[in-house]
$ cat final-v9.txt   # compact mmCIF, C-alpha atoms
# COMPACT_ATOMS: atom_id res chain seq x y z
CA MET A 963 18.06 -38.79 12.17
CA GLU A 964 14.48 -37.83 11.27
CA LEU A 965 13.61 -34.27 12.37
CA GLU A 966 10.12 -32.86 12.63
CA ARG A 967 8.68 -31.35 9.45
CA LEU A 968 5.85 -29.33 11.03
CA LYS A 969 5.42 -27.84 14.48
CA HIS A 970 3.44 -25.41 16.59
CA ILE A 971 5.29 -22.62 18.42
CA GLU A 972 2.84 -21.08 20.86
CA ASN A 973 5.38 -18.83 22.53
CA GLY A 974 4.14 -15.99 24.73
CA THR A 975 0.69 -14.42 24.56
CA PRO A 976 -1.27 -13.41 21.45
CA VAL A 977 -1.29 -9.65 20.86
CA ASP A 978 -4.29 -7.35 20.70
CA HIS A 979 -5.03 -7.30 17.00
CA THR A 980 -5.26 -4.25 14.79
CA PHE A 981 -8.94 -4.79 14.09
CA SER A 982 -11.79 -6.20 16.16
CA ALA A 983 -12.80 -9.85 16.06
CA VAL A 984 -16.06 -8.75 14.42
CA GLU A 985 -14.17 -6.97 11.63
CA MET A 986 -11.89 -9.92 10.92
CA ALA A 987 -14.86 -12.31 10.96
CA ARG A 988 -16.63 -10.03 8.45
CA ARG A 989 -13.72 -10.34 6.03
CA ILE A 990 -13.54 -14.13 6.29
CA LEU A 991 -17.32 -14.47 5.94
CA ALA A 992 -17.30 -12.43 2.72
CA LEU A 993 -14.43 -14.56 1.41
CA ARG A 994 -16.22 -17.81 2.24
CA GLN A 995 -19.37 -16.56 0.54
CA HIS A 996 -17.37 -15.93 -2.62
CA MET A 997 -15.71 -19.33 -2.35
CA ALA A 998 -19.07 -21.07 -1.95
CA SER A 999 -20.62 -19.25 -4.91
CA SER A 1000 -17.58 -20.02 -7.08
CA GLY A 1001 -17.20 -23.65 -6.11
CA ILE A 1002 -13.84 -23.06 -4.41
CA ASP A 1003 -13.13 -25.52 -1.59
CA ALA A 1004 -10.11 -23.73 -0.10
CA ALA A 1005 -8.04 -20.60 -0.70
CA VAL A 1006 -4.26 -20.59 -0.45
CA PHE A 1007 -3.03 -17.00 -0.19
CA THR A 1008 0.67 -16.31 -0.63
CA SER A 1009 0.85 -12.51 -0.92
CA TYR A 1010 1.76 -10.03 1.77
CA HIS A 1011 -1.42 -8.07 1.26
CA ASN A 1012 -4.02 -10.83 1.37
CA ILE A 1013 -2.38 -12.70 4.25
CA ASN A 1014 -2.30 -9.43 6.16
CA TYR A 1015 -5.87 -8.53 5.18
CA TYR A 1016 -7.36 -11.84 6.27
CA ALA A 1017 -5.09 -12.67 9.24
CA ASP A 1018 -3.52 -9.39 10.47
CA PHE A 1019 -0.09 -10.95 9.97
CA LEU A 1020 2.62 -9.36 7.81
CA TYR A 1021 5.38 -11.81 7.09
CA CYS A 1022 9.08 -11.24 6.37
CA SER A 1023 9.94 -13.43 3.38
CA PHE A 1024 13.74 -13.31 3.19
CA GLY A 1025 13.56 -15.87 0.38
CA ARG A 1026 11.04 -18.18 2.06
CA VAL A 1027 7.41 -18.72 1.09
CA TYR A 1028 4.38 -18.25 3.31
CA ALA A 1029 0.69 -19.02 3.06
CA LEU A 1030 -2.70 -18.45 4.60
CA VAL A 1031 -5.12 -21.31 3.99
CA VAL A 1032 -8.82 -20.54 4.37
CA THR A 1033 -11.32 -23.38 4.32
CA SER A 1034 -15.00 -23.55 5.24
CA ASP A 1035 -14.15 -23.86 8.93
CA GLU A 1036 -10.50 -22.88 9.52
CA VAL A 1037 -8.01 -20.05 8.89
CA THR A 1038 -4.37 -21.15 9.15
CA SER A 1039 -1.17 -19.24 8.51
CA ILE A 1040 1.81 -21.30 7.35
CA THR A 1041 5.10 -19.75 8.41
CA ALA A 1042 8.80 -20.54 8.59
CA ASN A 1043 10.53 -21.95 11.67
CA ILE A 1044 12.95 -19.01 11.67
CA ASP A 1045 10.14 -16.69 12.84
CA GLY A 1046 9.60 -18.51 16.12
CA GLY A 1047 6.32 -17.70 17.85
CA GLN A 1048 5.85 -14.25 16.30
CA PRO A 1049 3.41 -15.46 13.58
CA TRP A 1050 1.35 -17.33 16.18
CA ARG A 1051 1.15 -14.24 18.37
CA ARG A 1052 0.08 -12.10 15.39
CA THR A 1053 -2.17 -14.38 13.33
CA VAL A 1054 -5.93 -14.18 13.56
CA GLY A 1055 -6.62 -17.91 13.36
CA ARG A 1056 -4.35 -20.94 13.68
CA ASN A 1057 -0.63 -21.05 12.89
CA LEU A 1058 1.40 -23.94 11.52
CA VAL A 1059 5.20 -23.80 11.29
CA TYR A 1060 7.27 -25.64 8.69
CA THR A 1061 10.95 -26.38 9.27
CA ASP A 1062 13.96 -26.32 6.94
CA TRP A 1063 14.89 -29.97 7.53
CA ARG A 1064 13.42 -31.05 4.18
CA ARG A 1065 13.10 -29.01 1.01
CA ASP A 1066 9.41 -29.83 0.51
CA ASN A 1067 8.21 -29.08 4.05
CA TYR A 1068 6.26 -26.01 2.86
CA GLU A 1069 4.33 -28.14 0.39
CA HIS A 1070 3.78 -30.73 3.11
CA ALA A 1071 2.32 -28.02 5.36
CA VAL A 1072 -0.07 -26.78 2.66
CA ARG A 1073 -1.18 -30.34 1.89
CA SER A 1074 -1.83 -31.01 5.59
CA VAL A 1075 -4.23 -28.06 5.89
CA VAL A 1076 -6.14 -28.19 2.61
CA PRO A 1077 -8.93 -30.79 2.96
CA ASN A 1078 -8.41 -34.06 1.12
CA THR A 1079 -11.84 -33.59 -0.43
CA ALA A 1080 -10.90 -30.27 -2.07
CA ARG A 1081 -11.18 -30.24 -5.86
CA ARG A 1082 -10.89 -26.50 -6.62
CA VAL A 1083 -8.43 -24.31 -4.73
CA GLY A 1084 -8.06 -20.57 -5.12
CA ILE A 1085 -4.60 -19.05 -5.54
CA GLU A 1086 -3.40 -15.57 -6.47
CA HIS A 1087 -2.49 -15.55 -10.15
CA ASP A 1088 -1.04 -12.06 -9.83
CA HIS A 1089 1.36 -13.13 -7.08
CA VAL A 1090 2.50 -16.73 -7.49
CA SER A 1091 5.59 -17.24 -9.62
CA LEU A 1092 5.75 -20.14 -12.05
CA ALA A 1093 7.98 -21.96 -9.60
CA LEU A 1094 5.60 -21.45 -6.68
CA ARG A 1095 2.63 -22.53 -8.77
CA ASP A 1096 4.46 -25.73 -9.65
CA ARG A 1097 5.14 -26.32 -5.94
CA LEU A 1098 1.48 -25.81 -5.07
CA ALA A 1099 0.35 -28.01 -7.93
CA SER A 1100 2.71 -30.72 -6.70
CA ALA A 1101 1.39 -30.43 -3.16
CA LEU A 1102 -2.24 -30.46 -4.29
CA GLU A 1103 -2.11 -33.18 -6.91
CA GLY A 1104 -5.36 -33.64 -8.76
CA VAL A 1105 -6.71 -30.25 -7.61
CA GLU A 1106 -7.71 -27.48 -10.03
CA LEU A 1107 -5.97 -24.21 -9.16
CA VAL A 1108 -8.13 -21.18 -9.98
CA ASP A 1109 -7.59 -17.46 -9.58
CA ILE A 1110 -9.04 -15.77 -6.50
CA ALA A 1111 -6.91 -12.62 -6.54
CA ALA A 1112 -9.15 -10.42 -8.67
CA ALA A 1113 -12.25 -11.14 -6.61
CA CYS A 1114 -10.41 -10.42 -3.36
CA MET A 1115 -9.02 -7.19 -4.79
CA ARG A 1116 -12.52 -6.01 -5.60
CA ARG A 1117 -13.65 -6.71 -2.04
CA ARG A 1118 -10.66 -4.88 -0.56
CA MET A 1119 -11.58 -1.76 -2.56
CA LEU A 1120 -14.54 -1.14 -0.23
CA LYS A 1121 -13.30 -0.22 3.23
CA SER A 1122 -15.01 -0.93 6.54
CA ALA A 1123 -15.50 1.73 9.23
CA GLU A 1124 -12.54 0.30 11.16
CA GLU A 1125 -10.30 0.44 8.11
CA ILE A 1126 -11.29 4.03 7.37
CA ALA A 1127 -10.55 4.99 10.98
CA LEU A 1128 -7.06 3.48 10.66
CA ILE A 1129 -6.44 5.20 7.32
CA LYS A 1130 -7.47 8.54 8.83
CA GLU A 1131 -4.91 8.02 11.58
CA GLY A 1132 -2.31 7.29 8.94
CA ALA A 1133 -3.15 10.52 7.11
CA ARG A 1134 -2.86 12.45 10.36
CA ILE A 1135 0.55 10.93 11.04
CA ALA A 1136 1.68 11.68 7.47
CA ASP A 1137 0.92 15.35 8.16
CA ILE A 1138 3.19 15.13 11.21
CA GLY A 1139 5.94 13.73 9.01
CA GLY A 1140 5.39 16.58 6.56
CA ALA A 1141 5.77 19.18 9.29
CA ALA A 1142 9.02 17.56 10.45
CA CYS A 1143 10.24 17.50 6.87
CA VAL A 1144 9.61 21.21 6.38
CA GLU A 1145 11.30 22.00 9.68
CA ALA A 1146 14.45 20.19 8.53
CA ILE A 1147 14.68 21.79 5.07
CA GLY A 1148 17.41 24.34 4.44
CA ALA A 1149 20.11 25.16 1.92
CA GLY A 1150 23.07 22.86 2.50
CA VAL A 1151 21.03 20.15 4.24
CA PRO A 1152 21.33 16.69 2.59
CA GLU A 1153 18.20 14.91 1.41
CA HIS A 1154 18.77 12.00 3.74
CA GLU A 1155 18.79 14.21 6.84
CA VAL A 1156 15.41 15.66 5.91
CA ALA A 1157 14.04 12.17 5.28
CA LEU A 1158 15.37 10.88 8.60
CA ALA A 1159 13.69 13.73 10.50
CA SER A 1160 10.37 13.00 8.83
CA THR A 1161 10.50 9.23 9.26
CA GLY A 1162 11.54 9.51 12.90
CA ALA A 1163 8.61 11.79 13.70
CA MET A 1164 6.14 9.40 12.07
CA VAL A 1165 7.53 6.25 13.73
CA ARG A 1166 7.38 7.89 17.16
CA GLU A 1167 3.76 8.91 16.60
CA ILE A 1168 2.78 5.44 15.38
CA ALA A 1169 4.42 3.95 18.48
CA ARG A 1170 2.48 6.36 20.70
CA SER A 1171 -0.86 5.89 18.95
CA PHE A 1172 -0.62 2.13 18.27
CA PRO A 1173 1.32 0.60 21.17
CA ASN A 1174 0.64 -2.98 19.99
CA ALA A 1175 1.78 -2.39 16.41
CA GLU A 1176 4.98 -3.69 14.88
CA LEU A 1177 7.03 -0.67 13.82
CA MET A 1178 8.10 -1.51 10.31
CA ASP A 1179 8.22 -0.10 6.78
CA THR A 1180 7.44 3.58 7.50
CA TRP A 1181 9.61 5.66 5.20
CA THR A 1182 10.16 9.04 3.53
CA TRP A 1183 11.29 9.86 0.03
CA PHE A 1184 12.60 13.42 0.01
CA GLN A 1185 13.90 14.58 -3.35
CA SER A 1186 15.58 17.78 -4.49
CA GLY A 1187 16.50 19.30 -7.85
CA ILE A 1188 16.89 16.76 -10.63
CA ASN A 1189 15.99 13.97 -8.21
CA THR A 1190 12.35 15.16 -8.27
CA ASP A 1191 11.87 13.88 -11.83
CA GLY A 1192 10.63 10.46 -10.67
CA ALA A 1193 7.91 9.95 -8.09
CA HIS A 1194 9.72 6.96 -6.55
CA ASN A 1195 13.33 8.16 -6.73
CA PRO A 1196 15.27 7.05 -3.64
CA VAL A 1197 16.75 9.43 -1.10
CA THR A 1198 20.34 10.50 -1.78
CA SER A 1199 22.99 12.54 0.01
CA ARG A 1200 22.55 15.46 -2.41
CA GLN A 1201 22.57 18.79 -0.56
CA ILE A 1202 19.65 21.15 -1.04
CA GLU A 1203 20.45 24.42 -2.83
CA SER A 1204 18.58 27.72 -2.67
CA GLY A 1205 15.97 27.80 -5.45
CA ASP A 1206 15.71 24.00 -5.64
CA ILE A 1207 12.41 22.35 -6.41
CA LEU A 1208 11.69 19.77 -3.69
CA SER A 1209 9.37 16.77 -3.32
CA LEU A 1210 8.11 15.75 0.09
CA ASN A 1211 6.83 12.15 0.27
CA CYS A 1212 5.81 10.85 3.72
CA PHE A 1213 4.62 7.26 4.05
CA PRO A 1214 3.55 6.01 7.48
CA MET A 1215 2.82 2.27 7.61
CA ILE A 1216 0.45 0.96 10.26
CA ALA A 1217 -0.17 -2.80 10.32
CA GLY A 1218 0.44 -3.04 6.58
CA TYR A 1219 -1.81 -0.08 5.77
CA TYR A 1220 -0.06 2.59 3.72
CA THR A 1221 -0.96 6.27 3.74
CA ALA A 1222 0.80 9.11 1.99
CA LEU A 1223 1.44 12.84 1.92
CA GLU A 1224 3.19 14.28 -1.13
CA ARG A 1225 3.90 17.94 -1.80
CA THR A 1226 5.90 20.18 -4.10
CA LEU A 1227 8.06 22.70 -2.24
CA PHE A 1228 10.88 25.10 -3.02
CA CYS A 1229 13.89 26.07 -0.97
CA GLU A 1230 13.81 29.81 -0.24
CA THR A 1231 12.73 30.99 -3.70
CA ALA A 1232 11.20 29.85 -7.00
CA SER A 1233 11.63 31.20 -10.53
CA ASP A 1234 8.69 32.66 -12.45
CA ARG A 1235 8.47 29.62 -14.72
CA HIS A 1236 8.61 27.26 -11.75
CA LEU A 1237 5.76 29.17 -10.13
CA GLU A 1238 3.73 29.10 -13.34
CA LEU A 1239 4.07 25.33 -13.71
CA TRP A 1240 3.41 24.77 -10.02
CA GLU A 1241 0.19 26.78 -10.21
CA ILE A 1242 -0.99 24.77 -13.23
CA ASN A 1243 -0.41 21.50 -11.40
CA CYS A 1244 -2.26 22.88 -8.37
CA LYS A 1245 -5.14 23.83 -10.67
CA VAL A 1246 -5.35 20.23 -11.87
CA HIS A 1247 -5.17 19.04 -8.27
CA ARG A 1248 -8.01 21.29 -7.14
CA ARG A 1249 -10.23 20.21 -10.02
CA GLY A 1250 -9.42 16.59 -9.33
CA LEU A 1251 -10.50 16.98 -5.70
CA GLU A 1252 -13.83 18.34 -6.94
CA LEU A 1253 -14.38 15.43 -9.35
CA ILE A 1254 -13.93 12.66 -6.76
CA ARG A 1255 -17.47 11.78 -5.68
CA PRO A 1256 -19.80 8.75 -5.71
CA GLY A 1257 -20.95 7.85 -9.21
CA ALA A 1258 -17.89 9.28 -10.93
CA VAL A 1259 -16.05 6.95 -13.32
CA CYS A 1260 -12.29 6.65 -12.79
CA GLY A 1261 -11.39 6.92 -16.47
CA GLU A 1262 -13.65 9.92 -17.02
CA ILE A 1263 -11.93 11.83 -14.22
CA ALA A 1264 -8.57 11.21 -15.90
CA VAL A 1265 -9.87 12.37 -19.28
CA GLU A 1266 -11.22 15.64 -17.87
CA LEU A 1267 -8.00 16.42 -16.02
CA ASN A 1268 -6.03 15.70 -19.19
CA GLU A 1269 -7.84 18.61 -20.81
CA ILE A 1270 -6.40 21.10 -18.31
CA TYR A 1271 -2.85 19.94 -18.98
CA ALA A 1272 -3.54 19.99 -22.72
CA GLU A 1273 -4.71 23.62 -22.54
CA HIS A 1274 -1.29 24.55 -21.19
CA GLY A 1275 0.71 22.31 -23.53
CA LEU A 1276 1.73 20.01 -20.67
CA LEU A 1277 -0.13 16.78 -21.34
CA ALA A 1278 3.05 15.11 -22.59
CA ASN A 1279 4.71 16.03 -19.29
CA ARG A 1280 2.25 14.00 -17.24
CA THR A 1281 3.95 10.93 -15.76
CA PHE A 1282 1.34 8.53 -14.30
CA GLY A 1283 -2.34 8.14 -13.38
CA TYR A 1284 -4.11 10.67 -11.20
CA GLY A 1285 -4.63 8.54 -8.10
CA HIS A 1286 -5.08 5.09 -6.59
CA SER A 1287 -6.82 3.15 -3.86
CA PHE A 1288 -5.56 2.93 -0.29
CA GLY A 1289 -5.60 0.07 2.20
CA VAL A 1290 -3.27 -2.92 2.55
CA LEU A 1291 -0.56 -1.53 0.30
CA SER A 1292 3.14 -0.80 0.25
CA HIS A 1293 5.93 0.05 -2.16
CA TYR A 1294 6.78 -3.66 -2.35
CA TYR A 1295 3.40 -5.37 -2.16
CA GLY A 1296 -0.26 -4.96 -2.91
CA ARG A 1297 -2.24 -2.92 -5.39
CA GLU A 1298 -5.97 -2.51 -5.85
CA ALA A 1299 -5.50 -2.01 -9.56
CA GLY A 1300 -9.21 -1.82 -10.25
CA LEU A 1301 -9.42 1.49 -8.41
CA GLU A 1302 -6.99 3.82 -10.14
CA LEU A 1303 -7.64 7.14 -11.84
CA ARG A 1304 -6.46 6.12 -15.30
CA GLU A 1305 -8.13 6.39 -18.67
CA ASP A 1306 -8.49 2.60 -19.01
CA ILE A 1307 -10.22 2.04 -15.63
CA LYS A 1308 -14.03 2.02 -15.78
CA THR A 1309 -14.69 1.52 -12.05
CA VAL A 1310 -17.47 3.70 -10.63
CA LEU A 1311 -16.62 5.36 -7.32
CA GLU A 1312 -18.73 4.20 -4.36
CA PRO A 1313 -19.07 5.22 -0.71
CA ASN A 1314 -16.32 3.73 1.50
CA MET A 1315 -13.75 3.64 -1.25
CA VAL A 1316 -10.54 5.51 -0.36
CA ILE A 1317 -8.57 7.09 -3.18
CA SER A 1318 -5.89 9.69 -3.77
CA MET A 1319 -5.73 12.68 -6.05
CA GLU A 1320 -2.10 13.08 -7.14
CA PRO A 1321 -1.39 14.84 -10.43
CA MET A 1322 2.25 15.02 -11.52
CA ILE A 1323 4.16 16.60 -14.37
CA MET A 1324 7.89 16.46 -15.09
CA VAL A 1325 9.91 19.06 -16.99
CA PRO A 1326 13.35 17.76 -18.11
CA GLU A 1327 16.61 19.25 -16.89
CA GLY A 1328 17.80 22.17 -18.97
CA GLN A 1329 14.33 23.51 -19.68
CA PRO A 1330 12.83 26.50 -17.80
CA GLY A 1331 11.01 25.28 -14.71
CA ALA A 1332 12.78 21.89 -14.71
CA GLY A 1333 11.73 19.35 -12.11
CA GLY A 1334 8.88 17.17 -10.96
CA TYR A 1335 5.67 18.68 -9.56
CA ARG A 1336 3.31 16.54 -7.50
CA GLU A 1337 0.54 17.10 -4.97
CA HIS A 1338 -1.28 14.30 -3.15
CA ASP A 1339 -4.39 14.19 -0.97
CA ILE A 1340 -6.38 11.17 0.28
CA LEU A 1341 -10.16 11.17 0.04
CA VAL A 1342 -12.80 8.91 1.57
CA ILE A 1343 -15.85 8.58 -0.68
CA THR A 1344 -19.07 9.33 1.25
CA SER A 1345 -22.74 8.98 0.33
CA ASP A 1346 -22.88 12.48 -1.13
CA GLY A 1347 -19.29 13.52 -1.84
CA ALA A 1348 -15.82 12.90 -0.45
CA GLU A 1349 -13.96 13.72 2.75
CA ASN A 1350 -10.41 14.96 2.27
CA ILE A 1351 -8.42 13.52 5.18
CA THR A 1352 -5.13 15.23 4.26
CA GLY A 1353 -4.57 18.41 6.22
CA PHE A 1354 -1.18 19.61 4.99
CA PRO A 1355 -1.47 22.74 2.78
CA PHE A 1356 -0.29 22.85 -0.82
CA GLY A 1357 0.77 25.50 -3.30
CA PRO A 1358 3.21 28.44 -3.55
CA GLU A 1359 1.56 30.44 -0.78
CA HIS A 1360 2.45 27.73 1.73
CA ASN A 1361 5.43 25.72 0.56
CA ILE A 1362 8.31 28.01 -0.31
CA VAL A 1363 10.31 27.13 2.79
CA GLY A 1364 13.74 26.96 4.37
CA SER A 1365 14.54 30.68 4.54
$ encode --input "final-v9.txt" --output "structure tokens"
Amino acid sequence: MELERLKHIENGTPVDHTFSAVEMARRILALRQHMASSGIDAAVFTSYHNINYYADFLYCSFGRVYALVVTSDEVTSITANIDGGQPWRRTVGRNLVYTDWRRDNYEHAVRSVVPNTARRVGIEHDHVSLALRDRLASALEGVELVDIAAACMRRRMLKSAEEIALIKEGARIADIGGAACVEAIGAGVPEHEVALASTGAMVREIARSFPNAELMDTWTWFQSGINTDGAHNPVTSRQIESGDILSLNCFPMIAGYYTALERTLFCETASDRHLELWEINCKVHRRGLELIRPGAVCGEIAVELNEIYAEHGLLANRTFGYGHSFGVLSHYYGREAGLELREDIKTVLEPNMVISMEPMIMVPEGQPGAGGYREHDILVITSDGAENITGFPFGPEHNIVGS
């Protein structure tokens, strides 16, 4: 029995999209202009972030592969049969479904959408595995596969007014999560209970503010004691103790757009050495906020902030770069690597870039003041400075809590 390889599932009614039709058309126009100037006949995106950026659709892989094919006149998402009509309802553009009945149905779908006249096709070198590249090469026999990821990343670094408005909402909701986190903190309370309170508050506010959004991927990392030593350490069932250093990390996700609030706190009390180290990190944070402005060079900001840590003998305790870009981003996909506050990044800050300031130091267990210290604000670069869109306070005068 021969079963269908490709199908259309137009089930229900398309949703109101996250961004306006004008905004989505702007993104595709800029992409097509790059394709035309680079001699690229079609782009086959496979990543979460670029498919979401160009089509407002965030897929769930579960071991399957997806695509968004952009040509000179069409935008088509290629999705798995298991998803039903959800991709069609969510995609800006056309949707084509491939079934599981034959192993090469995905390749067949890609081949059916890419024009037969195409000779150069853009793919994401930083996302496709060797196996997926082989599959695409097989599907597009005789076509040259060229990288389009870096150029798209550079375009995503500059945010539109609609994107900035969404990011500001995310920052506002992160502050709500932070308030819920602080309210839940107390000696004897497990980390996971604090995290659940924060995440629940953020999800409810996203649902209220964005009634057409899919509610997925919002999360909180709340760390205590030794668990603060890594910025991305998962939540555990460890119970908070009086005098513990704490890390609050609230991450609302709205339509694939990540925002963040991160703060150092203490439960009830802090030792003198803890306070001293905390104040030094806050000093770096304040100076970093001052340095973020149009015309500043990412690497130069990092070098200047290094000097403050070095003055206090703490440069070796620094754990990562001082900040990164925001937009279509998550803990499992996406990264605008060209816009990070690291010594090796020479990008010049421009209006409509969105970037964090987030200095962190870590003092190992057994040493006075042990723990991880991290503050985090989000800034929108303007024509003459930067707007800090994080409202939650930082520092010892605000964040010794739980008493």
$ residues_near_point --input "final-v9.txt" --point "(13.0, 29.1, -7.4)" --cutoff "10 Å" --atoms "all atoms listed in the file" --output "JSON, numbers by chain"
{"A": [1203, 1204, 1205, 1206, 1207, 1227, 1228, 1229, 1230, 1231, 1232, 1233, 1234, 1235, 1236, 1237, 1331, 1362]}
$ residues_around --input "final-v9.txt" --residues "Thr1033 of chain A" --least-positions-apart "3" --cutoff "8 Å" --atoms "only C-alpha atoms" --output "JSON, numbers by chain"
{"A": [994, 1003, 1004, 1005, 1036, 1037, 1076, 1077]}
$ closest_residue --input "final-v9.txt" --among "A:Glu964, A:Glu1167, A:Glu1069, A:Asp1096" --to "Ile1138 of chain A" --atoms "all atoms listed in the file"
A:Glu1167
$ atom_distance --input "final-v9.txt" --atom1 "atom CA of Ala1299 of chain A" --atom2 "atom CA of Met1119 of chain A"
9.3 Å
$ closest_residue --input "final-v9.txt" --among "A:Ile1216, A:Ile1129, A:Met986, A:Ala1101" --to "Phe1172 of chain A" --atoms "all atoms listed in the file"
A:Ile1216
$ closest_residue --input "final-v9.txt" --among "A:Pro1313, A:Gly1150, A:Gly1084, A:Gly1364" --to "Gly1347 of chain A" --atoms "all atoms listed in the file"
A:Pro1313
$ residues_near_point --input "final-v9.txt" --point "(-1.5, -0.5, 6.9)" --cutoff "7 Å" --atoms "only C-alpha atoms" --output "list in words"
Met1215, Ile1216, Ala1217, Gly1218, Tyr1219, Tyr1220, Gly1289, Val1290 and Leu1291 of chain A
$ closest_residue --input "final-v9.txt" --among "A:Gly1046, A:Gly1055, A:Pro1326, A:Gly1001" --to "Thr1190 of chain A" --atoms "all atoms listed in the file"
A:Pro1326
$ residues_around --input "final-v9.txt" --residues "Val1316 of chain A" --least-positions-apart "5" --cutoff "8 Å" --atoms "all atoms listed in the file" --output "PDB file with C-alpha atoms, keeping the file's coordinate frame"
ATOM      1  CA  MET A1119     -11.580  -1.760  -2.560  1.00  0.00           C
ATOM      2  CA  LEU A1120     -14.540  -1.140  -0.230  1.00  0.00           C
ATOM      3  CA  LYS A1121     -13.300  -0.220   3.230  1.00  0.00           C
ATOM      4  CA  ILE A1126     -11.290   4.030   7.370  1.00  0.00           C
ATOM      5  CA  SER A1287      -6.820   3.150  -3.860  1.00  0.00           C
ATOM      6  CA  PHE A1288      -5.560   2.930  -0.290  1.00  0.00           C
ATOM      7  CA  GLY A1289      -5.600   0.070   2.200  1.00  0.00           C
ATOM      8  CA  ILE A1340      -6.380  11.170   0.280  1.00  0.00           C
ATOM      9  CA  LEU A1341     -10.160  11.170   0.040  1.00  0.00           C
ATOM     10  CA  VAL A1342     -12.800   8.910   1.570  1.00  0.00           C
ATOM     11  CA  ILE A1343     -15.850   8.580  -0.680  1.00  0.00           C
TER      12      ILE A1343
END
$ closest_residue --input "final-v9.txt" --among "A:Tyr1295, A:His1154, A:Val1027, A:Ala1141" --to "Arg1097 of chain A" --atoms "all atoms listed in the file"
A:Val1027
$ closest_residue --input "final-v9.txt" --among "A:Ala1017, A:Val1006, A:Ala1142, A:Cys1114" --to "Ala1099 of chain A" --atoms "all atoms listed in the file"
A:Val1006
$ decode --input "final-v9.txt" --residues "segment 1058-1105 of chain A" --atoms "C-alpha atoms" --output "PDB file, in the first residue's frame"
ATOM      1  CA  LEU A1058       3.921  21.583   4.185  1.00  0.00           C
ATOM      2  CA  VAL A1059       3.695  18.389   6.256  1.00  0.00           C
ATOM      3  CA  TYR A1060       5.857  15.312   5.716  1.00  0.00           C
ATOM      4  CA  THR A1061       4.765  11.895   6.974  1.00  0.00           C
ATOM      5  CA  ASP A1062       6.702   9.028   8.553  1.00  0.00           C
ATOM      6  CA  TRP A1063       5.706   6.480   5.908  1.00  0.00           C
ATOM      7  CA  ARG A1064       9.110   6.675   4.201  1.00  0.00           C
ATOM      8  CA  ARG A1065      12.457   7.516   5.762  1.00  0.00           C
ATOM      9  CA  ASP A1066      13.338  10.159   3.160  1.00  0.00           C
ATOM     10  CA  ASN A1067      10.043  12.083   3.218  1.00  0.00           C
ATOM     11  CA  TYR A1068      11.712  15.121   4.834  1.00  0.00           C
ATOM     12  CA  GLU A1069      14.222  15.312   2.009  1.00  0.00           C
ATOM     13  CA  HIS A1070      11.389  14.872  -0.481  1.00  0.00           C
ATOM     14  CA  ALA A1071       9.567  17.816   1.106  1.00  0.00           C
ATOM     15  CA  VAL A1072      12.632  20.072   0.924  1.00  0.00           C
ATOM     16  CA  ARG A1073      13.243  19.099  -2.706  1.00  0.00           C
ATOM     17  CA  SER A1074       9.609  19.858  -3.587  1.00  0.00           C
ATOM     18  CA  VAL A1075       9.849  23.432  -2.286  1.00  0.00           C
ATOM     19  CA  VAL A1076      13.319  24.503  -3.401  1.00  0.00           C
ATOM     20  CA  PRO A1077      13.101  25.616  -7.059  1.00  0.00           C
ATOM     21  CA  ASN A1078      14.591  23.236  -9.612  1.00  0.00           C
ATOM     22  CA  THR A1079      16.588  26.161 -10.979  1.00  0.00           C
ATOM     23  CA  ALA A1080      18.363  26.799  -7.665  1.00  0.00           C
ATOM     24  CA  ARG A1081      22.143  26.487  -7.806  1.00  0.00           C
ATOM     25  CA  ARG A1082      23.171  28.025  -4.456  1.00  0.00           C
ATOM     26  CA  VAL A1083      21.181  27.326  -1.298  1.00  0.00           C
ATOM     27  CA  GLY A1084      21.829  28.853   2.101  1.00  0.00           C
ATOM     28  CA  ILE A1085      21.935  26.627   5.177  1.00  0.00           C
ATOM     29  CA  GLU A1086      22.995  27.232   8.775  1.00  0.00           C
ATOM     30  CA  HIS A1087      26.518  25.922   9.226  1.00  0.00           C
ATOM     31  CA  ASP A1088      26.317  26.509  12.975  1.00  0.00           C
ATOM     32  CA  HIS A1089      23.207  24.340  13.307  1.00  0.00           C
ATOM     33  CA  VAL A1090      23.174  21.479  10.796  1.00  0.00           C
ATOM     34  CA  SER A1091      24.861  18.284  11.931  1.00  0.00           C
ATOM     35  CA  LEU A1092      27.004  16.323   9.512  1.00  0.00           C
ATOM     36  CA  ALA A1093      24.154  13.858   9.109  1.00  0.00           C
ATOM     37  CA  LEU A1094      21.601  16.573   8.347  1.00  0.00           C
ATOM     38  CA  ARG A1095      23.952  18.242   5.885  1.00  0.00           C
ATOM     39  CA  ASP A1096      24.328  14.939   4.069  1.00  0.00           C
ATOM     40  CA  ARG A1097      20.535  14.607   3.931  1.00  0.00           C
ATOM     41  CA  LEU A1098      20.163  18.108   2.503  1.00  0.00           C
ATOM     42  CA  ALA A1099      22.952  17.522   0.010  1.00  0.00           C
ATOM     43  CA  SER A1100      21.217  14.329  -1.096  1.00  0.00           C
ATOM     44  CA  ALA A1101      17.909  16.119  -1.498  1.00  0.00           C
ATOM     45  CA  LEU A1102      19.472  19.025  -3.391  1.00  0.00           C
ATOM     46  CA  GLU A1103      21.826  17.137  -5.681  1.00  0.00           C
ATOM     47  CA  GLY A1104      24.019  19.401  -7.756  1.00  0.00           C
ATOM     48  CA  VAL A1105      23.324  22.433  -5.537  1.00  0.00           C
TER      49      VAL A1105
END
